[in-house]
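S.K.: Structure: run_30.cif, mmCIF, C-alpha atoms and all ligand atoms.
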```
data_structure
loop_
_atom_site.group_PDB
_atom_site.id
_atom_site.type_symbol
_atom_site.label_atom_id
_atom_site.label_comp_id
_atom_site.auth_asym_id
_atom_site.auth_seq_id
_atom_site.Cartn_x
_atom_site.Cartn_y
_atom_site.Cartn_z
ATOM 1 C CA MET A 1 0.000 0.000 0.000
ATOM 2 C CA TRP A 2 1.311 3.436 -1.000
ATOM 3 C CA ILE A 3 0.919 6.438 1.263
ATOM 4 C CA LYS A 4 1.912 10.093 1.075
ATOM 5 C CA ALA A 5 5.305 11.399 2.166
ATOM 6 C CA LYS A 6 6.689 14.933 2.251
ATOM 7 C CA LEU A 7 10.302 16.102 2.072
ATOM 8 C CA ILE A 8 11.212 18.191 5.122
ATOM 9 C CA LYS A 9 14.925 18.791 4.681
ATOM 10 C CA LEU A 10 17.553 17.976 2.085
ATOM 11 C CA LYS A 11 21.217 18.285 3.008
ATOM 12 C CA LYS A 12 23.637 18.264 0.079
ATOM 13 C CA ILE A 13 26.853 16.875 1.513
ATOM 14 C CA ASN A 14 28.739 17.372 -1.746
ATOM 15 C CA ASP A 15 28.084 16.885 -5.479
ATOM 16 C CA TYR A 16 27.330 13.201 -5.117
ATOM 17 C CA LEU A 17 25.889 12.568 -1.637
ATOM 18 C CA PHE A 18 22.829 13.872 0.152
ATOM 19 C CA SER A 19 20.651 13.222 3.148
ATOM 20 C CA PHE A 20 16.911 13.210 2.454
ATOM 21 C CA ILE A 21 14.728 13.787 5.525
ATOM 22 C CA PHE A 22 10.978 13.400 5.251
ATOM 23 C CA LYS A 23 7.762 12.634 7.111
ATOM 24 C CA SER A 24 5.218 9.919 6.499
ATOM 25 C CA GLU A 25 2.868 7.748 8.539
ATOM 26 C CA ILE A 26 4.578 4.469 7.651
ATOM 27 C CA ASN A 27 4.179 1.299 9.709
ATOM 28 C CA ASN A 28 6.918 0.619 12.158
ATOM 29 C CA PHE A 29 9.834 -1.209 10.535
ATOM 30 C CA ILE A 30 12.724 -3.400 11.645
ATOM 31 C CA ALA A 31 16.050 -1.549 11.822
ATOM 32 C CA GLY A 32 17.988 -2.335 8.629
ATOM 33 C CA GLN A 33 14.954 -2.465 6.335
ATOM 34 C CA PHE A 34 14.271 -0.400 3.217
ATOM 35 C CA SER A 35 11.195 1.028 1.576
ATOM 36 C CA LYS A 36 10.121 1.921 -1.941
ATOM 37 C CA ILE A 37 9.204 5.363 -3.124
ATOM 38 C CA LYS A 38 7.443 6.415 -6.302
ATOM 39 C CA PHE A 39 6.541 9.592 -8.138
ATOM 40 C CA LYS A 40 6.311 10.891 -11.698
ATOM 41 C CA ILE A 41 9.153 12.401 -13.714
ATOM 42 C CA ASN A 42 7.956 13.908 -17.024
ATOM 43 C CA ASN A 43 4.663 12.104 -16.491
ATOM 44 C CA ILE A 44 6.331 8.717 -16.213
ATOM 45 C CA GLU A 45 5.926 6.910 -12.915
ATOM 46 C CA ILE A 46 9.189 5.709 -11.461
ATOM 47 C CA GLN A 47 10.058 3.701 -8.315
ATOM 48 C CA ARG A 48 13.250 3.120 -6.348
ATOM 49 C CA SER A 49 14.248 1.466 -3.062
ATOM 50 C CA TYR A 50 16.088 3.235 -0.237
ATOM 51 C CA SER A 51 17.200 2.067 3.206
ATOM 52 C CA TYR A 52 16.268 3.897 6.379
ATOM 53 C CA VAL A 53 19.176 5.532 8.187
ATOM 54 C CA ASN A 54 17.024 6.455 11.178
ATOM 55 C CA PRO A 55 16.114 3.895 13.827
ATOM 56 C CA PRO A 56 12.482 2.716 14.035
ATOM 57 C CA LYS A 57 9.910 5.030 15.660
ATOM 58 C CA SER A 58 11.779 8.213 14.703
ATOM 59 C CA LYS A 59 9.732 11.361 14.187
ATOM 60 C CA PHE A 60 11.524 12.015 10.892
ATOM 61 C CA LEU A 61 12.580 9.425 8.343
ATOM 62 C CA GLU A 62 15.903 9.649 6.536
ATOM 63 C CA PHE A 63 17.564 8.210 3.452
ATOM 64 C CA TYR A 64 21.241 8.649 2.621
ATOM 65 C CA ILE A 65 21.516 8.789 -1.156
ATOM 66 C CA SER A 66 24.246 8.702 -3.792
ATOM 67 C CA ARG A 67 23.641 10.991 -6.739
ATOM 68 C CA ILE A 68 24.463 8.775 -9.694
ATOM 69 C CA ASN A 69 25.812 10.167 -12.970
ATOM 70 C CA ASN A 70 22.752 10.337 -15.239
ATOM 71 C CA GLY A 71 20.721 8.473 -12.599
ATOM 72 C CA LYS A 72 17.067 9.414 -13.108
ATOM 73 C CA VAL A 73 15.752 9.331 -9.569
ATOM 74 C CA SER A 74 18.856 10.236 -7.571
ATOM 75 C CA ASN A 75 19.378 13.413 -9.660
ATOM 76 C CA PHE A 76 15.738 14.346 -9.408
ATOM 77 C CA LEU A 77 15.788 13.884 -5.622
ATOM 78 C CA TYR A 78 19.099 15.759 -5.275
ATOM 79 C CA ASN A 79 17.419 18.792 -6.828
ATOM 80 C CA SER A 80 14.107 18.476 -4.980
ATOM 81 C CA LYS A 81 13.001 21.063 -2.422
ATOM 82 C CA PRO A 82 11.340 20.832 1.005
ATOM 83 C CA GLY A 83 7.607 20.338 0.483
ATOM 84 C CA PHE A 84 8.131 17.879 -2.403
ATOM 85 C CA GLU A 85 5.452 15.168 -2.121
ATOM 86 C CA PHE A 86 5.849 11.564 -3.211
ATOM 87 C CA LEU A 87 4.488 8.115 -2.384
ATOM 88 C CA ILE A 88 6.117 5.560 -0.126
ATOM 89 C CA THR A 89 5.256 1.998 0.840
ATOM 90 C CA LYS A 90 3.510 1.913 4.206
ATOM 91 C CA LYS A 91 5.274 -1.356 4.914
ATOM 92 C CA SER A 92 9.069 -1.780 4.797
ATOM 93 C CA PHE A 93 11.013 -4.672 3.305
ATOM 94 C CA GLY A 94 14.133 -6.777 3.603
ATOM 95 C CA ASN A 95 15.796 -9.338 5.823
ATOM 96 C CA PHE A 96 19.026 -7.437 6.368
ATOM 97 C CA ASN A 97 18.408 -6.985 10.041
ATOM 98 C CA ILE A 98 19.829 -8.185 13.285
ATOM 99 C CA MET A 99 16.813 -10.306 14.257
ATOM 100 C CA ASN A 100 17.822 -12.729 11.487
ATOM 101 C CA ILE A 101 21.372 -13.086 12.740
ATOM 102 C CA PRO A 102 22.217 -15.837 15.213
ATOM 103 C CA ASN A 103 23.990 -14.978 18.455
ATOM 104 C CA CYS A 104 27.676 -15.177 17.658
ATOM 105 C CA ASN A 105 31.155 -14.186 18.673
ATOM 106 C CA THR A 106 31.933 -11.219 16.423
ATOM 107 C CA LEU A 107 29.460 -9.461 14.172
ATOM 108 C CA TRP A 108 31.257 -7.827 11.241
ATOM 109 C CA MET A 109 29.411 -4.977 9.523
ATOM 110 C CA LEU A 110 31.034 -3.986 6.226
ATOM 111 C CA SER A 111 29.891 -1.144 4.007
ATOM 112 C CA HIS A 112 30.911 1.439 1.474
ATOM 113 C CA GLY A 113 29.351 4.889 0.978
ATOM 114 C CA THR A 114 25.597 5.165 1.390
ATOM 115 C CA ALA A 115 25.470 1.481 2.333
ATOM 116 C CA ILE A 116 26.260 2.568 5.910
ATOM 117 C CA GLY A 117 22.533 3.434 6.207
ATOM 118 C CA PRO A 118 21.147 0.118 7.502
ATOM 119 C CA TYR A 119 23.923 -0.154 10.114
ATOM 120 C CA LEU A 120 23.192 3.339 11.450
ATOM 121 C CA SER A 121 19.569 2.293 11.831
ATOM 122 C CA ILE A 122 20.444 -1.038 13.472
ATOM 123 C CA LEU A 123 23.108 0.311 15.836
ATOM 124 C CA ARG A 124 20.774 3.086 17.017
ATOM 125 C CA GLY A 125 17.729 0.828 17.078
ATOM 126 C CA TYR A 126 18.556 -1.303 20.132
ATOM 127 C CA ASN A 127 20.100 -0.716 23.536
ATOM 128 C CA LYS A 128 23.525 -1.904 24.613
ATOM 129 C CA ASN A 129 22.203 -4.922 26.557
ATOM 130 C CA PHE A 130 20.476 -6.223 23.468
ATOM 131 C CA PHE A 131 23.789 -6.248 21.592
ATOM 132 C CA ILE A 132 25.727 -7.693 24.558
ATOM 133 C CA GLU A 133 23.313 -10.620 24.751
ATOM 134 C CA LYS A 134 23.800 -11.413 21.063
ATOM 135 C CA PHE A 135 27.462 -10.644 20.357
ATOM 136 C CA LYS A 136 30.799 -10.516 22.148
ATOM 137 C CA LYS A 137 32.066 -7.902 19.723
ATOM 138 C CA ILE A 138 30.804 -5.803 16.823
ATOM 139 C CA ILE A 139 33.234 -4.505 14.218
ATOM 140 C CA LEU A 140 31.902 -1.817 11.887
ATOM 141 C CA ILE A 141 34.094 -1.144 8.872
ATOM 142 C CA TYR A 142 32.936 1.876 6.924
ATOM 143 C CA SER A 143 34.638 2.839 3.716
ATOM 144 C CA ILE A 144 34.208 6.316 2.235
ATOM 145 C CA LYS A 145 35.836 7.902 -0.801
ATOM 146 C CA THR A 146 37.282 10.919 0.987
ATOM 147 C CA SER A 147 36.983 12.487 4.436
ATOM 148 C CA GLU A 148 34.470 15.030 3.115
ATOM 149 C CA ASP A 149 31.986 12.142 2.745
ATOM 150 C CA PHE A 150 32.069 11.517 6.501
ATOM 151 C CA PHE A 151 28.717 13.194 7.115
ATOM 152 C CA TYR A 152 27.540 10.879 9.898
ATOM 153 C CA LYS A 153 30.618 11.422 12.081
ATOM 154 C CA ASN A 154 28.592 12.624 15.111
ATOM 155 C CA ILE A 155 26.139 9.756 14.871
ATOM 156 C CA ILE A 156 29.009 7.280 14.609
ATOM 157 C CA ASN A 157 30.717 8.851 17.628
ATOM 158 C CA ASN A 158 27.463 8.545 19.608
ATOM 159 C CA ILE A 159 27.207 4.879 18.640
ATOM 160 C CA LYS A 160 30.818 4.404 19.764
ATOM 161 C CA ASP A 161 29.983 5.992 23.142
ATOM 162 C CA LYS A 162 26.788 3.974 23.582
ATOM 163 C CA LEU A 163 28.386 0.621 22.737
ATOM 164 C CA ASN A 164 31.812 1.585 24.049
ATOM 165 C CA ASN A 165 33.390 -1.714 25.027
ATOM 166 C CA ILE A 166 31.728 -4.000 22.527
ATOM 167 C CA ILE A 167 32.089 -2.028 19.309
ATOM 168 C CA GLU A 168 35.124 -1.209 17.231
ATOM 169 C CA ILE A 169 34.650 1.216 14.339
ATOM 170 C CA LEU A 170 37.118 1.655 11.508
ATOM 171 C CA VAL A 171 36.654 4.334 8.880
ATOM 172 C CA LEU A 172 38.610 3.806 5.666
ATOM 173 C CA THR A 173 39.158 6.318 2.885
ATOM 174 C CA SER A 174 39.470 4.658 -0.492
ATOM 175 C CA SER A 175 40.544 7.693 -2.582
ATOM 176 C CA GLU A 176 42.401 9.922 -0.146
ATOM 177 C CA ILE A 177 45.354 9.521 2.180
ATOM 178 C CA LYS A 178 44.800 11.229 5.551
ATOM 179 C CA LYS A 179 46.431 10.356 8.813
ATOM 180 C CA GLU A 180 43.134 10.098 10.777
ATOM 181 C CA TYR A 181 41.869 7.349 8.477
ATOM 182 C CA ILE A 182 43.103 4.065 7.157
ATOM 183 C CA ASN A 183 43.589 4.223 3.412
ATOM 184 C CA GLY A 184 42.453 1.389 1.154
ATOM 185 C CA LYS A 185 39.657 -0.866 -0.015
ATOM 186 C CA ILE A 186 37.970 -3.276 2.399
ATOM 187 C CA SER A 187 38.711 -6.327 0.223
ATOM 188 C CA ASN A 188 42.426 -5.435 -0.174
ATOM 189 C CA LEU A 189 42.869 -4.726 3.522
ATOM 190 C CA ILE A 190 41.350 -8.100 4.363
ATOM 191 C CA TYR A 191 43.430 -9.863 1.732
ATOM 192 C CA ASN A 192 46.766 -8.326 2.695
ATOM 193 C CA GLY A 193 46.154 -9.027 6.390
ATOM 194 C CA PHE A 194 46.128 -5.349 7.431
ATOM 195 C CA LEU A 195 42.705 -5.464 9.108
ATOM 196 C CA GLU A 196 43.530 -8.693 10.878
ATOM 197 C CA SER A 197 46.690 -7.294 12.450
ATOM 198 C CA TYR A 198 45.208 -3.826 13.078
ATOM 199 C CA LEU A 199 42.222 -5.315 14.920
ATOM 200 C CA ASN A 200 44.179 -8.254 16.282
ATOM 201 C CA LYS A 201 41.255 -10.382 15.160
ATOM 202 C CA LYS A 202 40.792 -13.121 12.589
ATOM 203 C CA ILE A 203 37.413 -13.830 11.013
ATOM 204 C CA ASN A 204 36.233 -17.073 12.548
ATOM 205 C CA THR A 205 33.595 -19.749 12.047
ATOM 206 C CA ASN A 206 31.559 -18.480 14.999
ATOM 207 C CA ASP A 207 31.384 -14.947 13.546
ATOM 208 C CA HIS A 208 28.790 -13.438 11.248
ATOM 209 C CA ILE A 209 29.553 -11.064 8.378
ATOM 210 C CA MET A 210 27.067 -8.490 7.099
ATOM 211 C CA ILE A 211 27.932 -6.779 3.804
ATOM 212 C CA CYS A 212 25.993 -3.882 2.326
ATOM 213 C CA GLY A 213 26.856 -2.339 -1.041
ATOM 214 C CA ASN A 214 26.851 -3.105 -4.733
ATOM 215 C CA GLU A 215 26.959 -6.607 -6.159
ATOM 216 C CA ASN A 216 30.621 -6.449 -7.222
ATOM 217 C CA MET A 217 31.752 -5.262 -3.831
ATOM 218 C CA ILE A 218 29.772 -8.005 -2.088
ATOM 219 C CA LYS A 219 31.126 -10.703 -4.425
ATOM 220 C CA GLU A 220 34.691 -9.455 -4.123
ATOM 221 C CA ILE A 221 34.677 -9.269 -0.320
ATOM 222 C CA LYS A 222 33.042 -12.672 -0.012
ATOM 223 C CA TYR A 223 35.550 -14.188 -2.446
ATOM 224 C CA ILE A 224 38.535 -12.696 -0.594
ATOM 225 C CA ILE A 225 37.247 -13.799 2.815
ATOM 226 C CA LEU A 226 36.586 -17.358 1.654
ATOM 227 C CA LYS A 227 39.966 -17.528 -0.064
ATOM 228 C CA LYS A 228 41.794 -16.275 2.990
ATOM 229 C CA TYR A 229 39.820 -18.104 5.675
ATOM 230 C CA LYS A 230 39.293 -21.435 3.925
ATOM 231 C CA LYS A 231 37.548 -23.126 6.841
ATOM 232 C CA LEU A 232 34.593 -20.712 6.456
ATOM 233 C CA ASN A 233 33.743 -22.485 3.178
ATOM 234 C CA ASN A 234 32.213 -25.313 5.196
ATOM 235 C CA TYR A 235 29.766 -23.042 6.992
ATOM 236 C CA ASN A 236 26.479 -21.868 5.545
ATOM 237 C CA ASN A 237 24.798 -18.644 6.528
ATOM 238 C CA ILE A 238 27.900 -16.925 7.823
ATOM 239 C CA PHE A 239 27.181 -14.008 5.455
ATOM 240 C CA SER A 240 24.186 -11.640 5.166
ATOM 241 C CA TYR A 241 23.936 -9.160 2.303
ATOM 242 C CA GLU A 242 22.011 -6.133 1.159
ATOM 243 C CA LYS A 243 22.566 -5.395 -2.507
ATOM 244 C CA TYR A 244 21.932 -1.807 -3.650
ATOM 245 C CA TRP A 245 22.588 -2.412 -7.349
HETATM 246 C C1 LIG A 301 17.222 -2.808 -1.270
HETATM 247 C C2 LIG A 301 17.838 -1.546 -1.846
HETATM 248 C C3 LIG A 301 18.166 -0.500 -0.996
HETATM 249 C C4 LIG A 301 18.774 0.647 -1.524
HETATM 250 N N1 LIG A 301 19.118 1.653 -0.679
HETATM 251 C C5 LIG A 301 19.781 2.728 -1.172
HETATM 252 C C6 LIG A 301 20.200 3.774 -0.292
HETATM 253 O O1 LIG A 301 19.926 3.759 0.916
HETATM 254 N N2 LIG A 301 20.909 4.812 -0.832
HETATM 255 C C7 LIG A 301 21.217 4.862 -2.182
HETATM 256 O O2 LIG A 301 21.876 5.823 -2.615
HETATM 257 N N3 LIG A 301 20.795 3.897 -3.032
HETATM 258 C C8 LIG A 301 20.078 2.860 -2.567
HETATM 259 N N4 LIG A 301 19.636 1.894 -3.437
HETATM 260 C C9 LIG A 301 19.804 2.125 -4.897
HETATM 261 C C10 LIG A 301 18.588 2.953 -5.411
HETATM 262 O O3 LIG A 301 17.409 2.179 -5.330
HETATM 263 C C11 LIG A 301 18.732 3.393 -6.873
HETATM 264 O O4 LIG A 301 19.083 2.283 -7.661
HETATM 265 C C12 LIG A 301 19.783 4.477 -7.044
HETATM 266 O O5 LIG A 301 19.386 5.655 -6.326
HETATM 267 C C13 LIG A 301 19.955 4.834 -8.537
HETATM 268 O O6 LIG A 301 18.727 5.252 -9.070
HETATM 269 P P1 LIG A 301 18.709 6.272 -10.285
HETATM 270 O O7 LIG A 301 17.319 6.339 -10.818
HETATM 271 O O8 LIG A 301 19.359 7.555 -9.894
HETATM 272 O O9 LIG A 301 19.665 5.561 -11.325
HETATM 273 P P2 LIG A 301 19.207 4.821 -12.672
HETATM 274 O O10 LIG A 301 18.778 5.809 -13.689
HETATM 275 O O11 LIG A 301 18.235 3.745 -12.319
HETATM 276 O O12 LIG A 301 20.606 4.187 -13.061
HETATM 277 C C14 LIG A 301 20.919 2.958 -12.467
HETATM 278 C C15 LIG A 301 22.398 2.674 -12.568
HETATM 279 O O13 LIG A 301 23.098 3.453 -11.597
HETATM 280 C C16 LIG A 301 24.047 2.643 -10.917
HETATM 281 N N5 LIG A 301 23.761 2.720 -9.476
HETATM 282 C C17 LIG A 301 22.627 2.413 -8.804
HETATM 283 N N6 LIG A 301 22.739 2.676 -7.481
HETATM 284 C C18 LIG A 301 23.975 3.163 -7.324
HETATM 285 C C19 LIG A 301 24.686 3.627 -6.184
HETATM 286 N N7 LIG A 301 24.129 3.652 -4.927
HETATM 287 N N8 LIG A 301 25.965 4.074 -6.375
HETATM 288 C C20 LIG A 301 26.533 4.068 -7.625
HETATM 289 N N9 LIG A 301 25.903 3.629 -8.742
HETATM 290 C C21 LIG A 301 24.640 3.187 -8.600
HETATM 291 C C22 LIG A 301 23.934 1.253 -11.451
HETATM 292 O O14 LIG A 301 24.978 1.048 -12.383
HETATM 293 C C23 LIG A 301 22.624 1.217 -12.156
HETATM 294 O O15 LIG A 301 22.628 0.392 -13.272
HETATM 295 C C24 LIG A 301 19.023 0.750 -2.929
HETATM 296 C C25 LIG A 301 18.646 -0.308 -3.764
HETATM 297 C C26 LIG A 301 18.071 -1.439 -3.244
HETATM 298 C C27 LIG A 301 17.691 -2.555 -4.184
#
```
Before we go any further, please render this structure as structure tokens.
M.R.:
Amino acid sequence: MWIKAKLIKLKKINDYLFSFIFKSEINNFIAGQFSKIKFKINNIEIQRSYSYVNPPKSKFLEFYISRINNGKVSNFLYNSKPGFEFLITKKSFGNFNIMNIPNCNTLWMLSHGTAIGPYLSILRGYNKNFFIEKFKKIILIYSIKTSEDFFYKNIINNIKDKLNNIIEILVLTSSEIKKEYINGKISNLIYNGFLESYLNKKINTNDHIMICGNENMIKEIKYIILKKYKKLNNYNNIFSYEKYW
């Protein structure tokens, strides 16, 4: 069922990233889920999916969106103004959420760019005890192109404070060398052993690995992990994915 939604605030982070904050009377959702929006461009109805960045029951809803070169919807939304009305699904979708993940030793959360969204919803959506009961440790690895993309720094710092002794957060810059950040791609840093020695932690059979991003990134990371940690090949369901495109 489609219901009305209205844009309240649009924050252009740079030429290719923006935060899209809106209101709508959607049903409650499970942190990590996405919804579909639709509206007309030049009289042609068009739909896209976006993940919630906000935790459930927030007054305002938020998407974190990449403006794609020649992308129809992302460019249209990037140039939209507060008051813009569109339709959204009342119900949310997807199984990329923590309720589907078994209790385990370390929960790895890997993402690049806007794919941080579901993790920001999940990590703000439950209290510390909930996480402690499910996991010994959570490792969030967030890759951005350059430091100017680090829009959710305050939110990430709040998550770090809330989950202080069970979470470790690493921010990587893939296209910029800066001393505050680790430089490189997630897959390379796993393959060359950097992350393992930096975190003093190997990926193990009693861990769970969530990956959010595009199909190539997901395939590449999964391939590298299974090549490096061969014993994981014998275990099903050690990975969960959310594929954006
Ligand atoms: C479950 C799900 C959740 C999603 N959540 C988000 C989200 O939270 N934030 C977000 O920005 N996008 C998200 N997406 C992608 C989004 O639905 C659109 O595909 C994206 O905004 C591009 O739409 P467009 O009309 O601008 O591009 P189109 O005109 O449809 O062009 C599509 C092409 O753009 C490329 N593309 C699509 N998405 C991206 C991207 N994120 N980065 C780089 N290239 C891309 C692909 O090559 C694709 O073939 C999600 C997709 C799915 C399936």
S.K.: When the PyMOL selection byres (((not hetatm)) within 10 of (chain A and resi 301)) is applied to the structure above, which residues does it catch, written out as a VMD selection string?
M.R.: chain A and resid 16 to 20 32 to 37 46 to 53 62 to 78 93 to 96 112 to 118 212 to 215 241 to 245
S.K.: Would you compute the distance between CA of Glu180 in chain A and CA of Met210 in chain A? Give it in Å to one decimal.
M.R.: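 Straight-line distance from CA of Glu180 in chain A to CA of Met210 in chain A works out to 24.8 Å.
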S.K.: Measuring atom to atom with all atoms listed in the file, identify which of A:Arg124, A:Lys23, A:Lys9, A:Lys4 is nearest to Phe39 in chain A.
M.R.: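 The closest residue to Phe39 in chain A is A:Lys4.
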S.K.: Could you list, as a list in words, every residue matched by the PyMOL selection byres (((chain A and resi 172-178) around 8) and not hetatm) in this structure?
M.R.: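 Applying the PyMOL selection byres (((chain A and resi 172-178) around 8) and not hetatm) to the structure shown produces Ile141, Tyr142, Ser143, Ile144, Lys145, Thr146, Ser147, Leu170, Val171, Lys179, Glu180, Tyr181, Ile182, Asn183, Gly184, Lys185 and Ile186 of chain A.
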S.K.: Would you output that residue set with C-alpha atoms, as a compact mmCIF listing (two decimals), in the coordinates of the input?
M.R.:
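Result file is selection_3.txt:
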```txt
# COMPACT_ATOMS: atom_id res chain seq x y z
CA ILE A 141 34.09 -1.14 8.87
CA TYR A 142 32.94 1.88 6.92
CA SER A 143 34.64 2.84 3.72
CA ILE A 144 34.21 6.32 2.24
CA LYS A 145 35.84 7.90 -0.80
CA THR A 146 37.28 10.92 0.99
CA SER A 147 36.98 12.49 4.44
CA LEU A 170 37.12 1.66 11.51
CA VAL A 171 36.65 4.33 8.88
CA LYS A 179 46.43 10.36 8.81
CA GLU A 180 43.13 10.10 10.78
CA TYR A 181 41.87 7.35 8.48
CA ILE A 182 43.10 4.07 7.16
CA ASN A 183 43.59 4.22 3.41
CA GLY A 184 42.45 1.39 1.15
CA LYS A 185 39.66 -0.87 -0.02
CA ILE A 186 37.97 -3.28 2.40
```
S.K.: Using only C-alpha atoms, can you tell me which of A:Lys38, A:Ile138, A:Met109, A:Ile221 comes closest to Lys160 in chain A?
M.R.: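 Of A:Lys38, A:Ile138, A:Met109, A:Ile221, the one nearest Lys160 in chain A is A:Ile138, counting only C-alpha atoms.
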S.K.: Taking the file as shown, find all residues satisfying the PyMOL selection byres (((chain A and resi 225) around 12) and not hetatm) and write them as a PyMOL selection string.
M.R.: chain A and resi 108+186-193+195-196+202-205+208-209+211+218-224+226-233+238-239
S.K.: Measure the distance from CA of Pro102 in chain A to CA of Ser121 in chain A in Å and round it to one decimal.
M.R.: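 Value for the CA of Pro102 in chain A-CA of Ser121 in chain A distance: 18.6 Å.
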S.K.: Have a look at CA of Ile8 in chain A and CA of Lys57 in chain A and let me know their distance in Å, one decimal.
M.R.: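 Here the two named atoms are 16.9 Å from each other.
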S.K.: Would you mind telling me which residue in A:Asn164, A:Ile98, A:Asn158, A:Phe86 lies nearest to Lys40 in chain A when using all atoms listed in the file?
M.R.: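 When distances to Lys40 in chain A are compared using all atoms listed in the file, the smallest one comes from A:Phe86.
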S.K.: Compute the distance from (9.2, 11.4, 1.3) to each atom, counting only C-alpha atoms, keep the residues with any atom at most 6 Å away, and return them as a list in words; use the coordinates of the file.
M.R.: Ala5, Lys6, Leu7, Phe22 and Phe86 of chain A
S.K.: Please determine, counting all atoms listed in the file, which residue among A:Met99, A:Ile3, A:Ile13, A:Ile132 has the shortest atom-to-atom distance to Leu87 in chain A.
M.R.: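 The closest residue to Leu87 in chain A is A:Ile3.
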S.K.: Calculated over all atoms listed in the file, which of the candidates A:Ser92, A:Asn79, A:Tyr198, A:Asn157 has the smallest distance to Asp15 in chain A?
M.R.: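 With all atoms listed in the file as the atom set, the closest residue is A:Asn79.
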S.K.: Please provide the set of residues having any atom within 6 Å of Asp207 in chain A, restricted to all atoms listed in the file, with same-chain residues fewer than 5 positions apart removed, written as a list in words.
M.R.: Cys104, Asn105, Thr106 and Leu107 of chain A
S.K.: May I ask which of the residues A:Leu140, A:Ile122, A:Leu110, A:Leu163 is the closest one to Phe29 in chain A, counting all atoms listed in the file?
M.R.: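 Among the listed residues, A:Ile122 lies closest to Phe29 in chain A.
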S.K.: Could you put an axis-aligned box around every listed atom of range 42-57 of chain A, padded by 6 Å on each side, and send me its centre and edge lengths in Å to one decimal, as JSON?
M.R.:
```
{"center_x": 11.9, "center_y": 7.7, "center_z": -0.7, "size_x": 26.5, "size_y": 24.4, "size_z": 44.7}
```
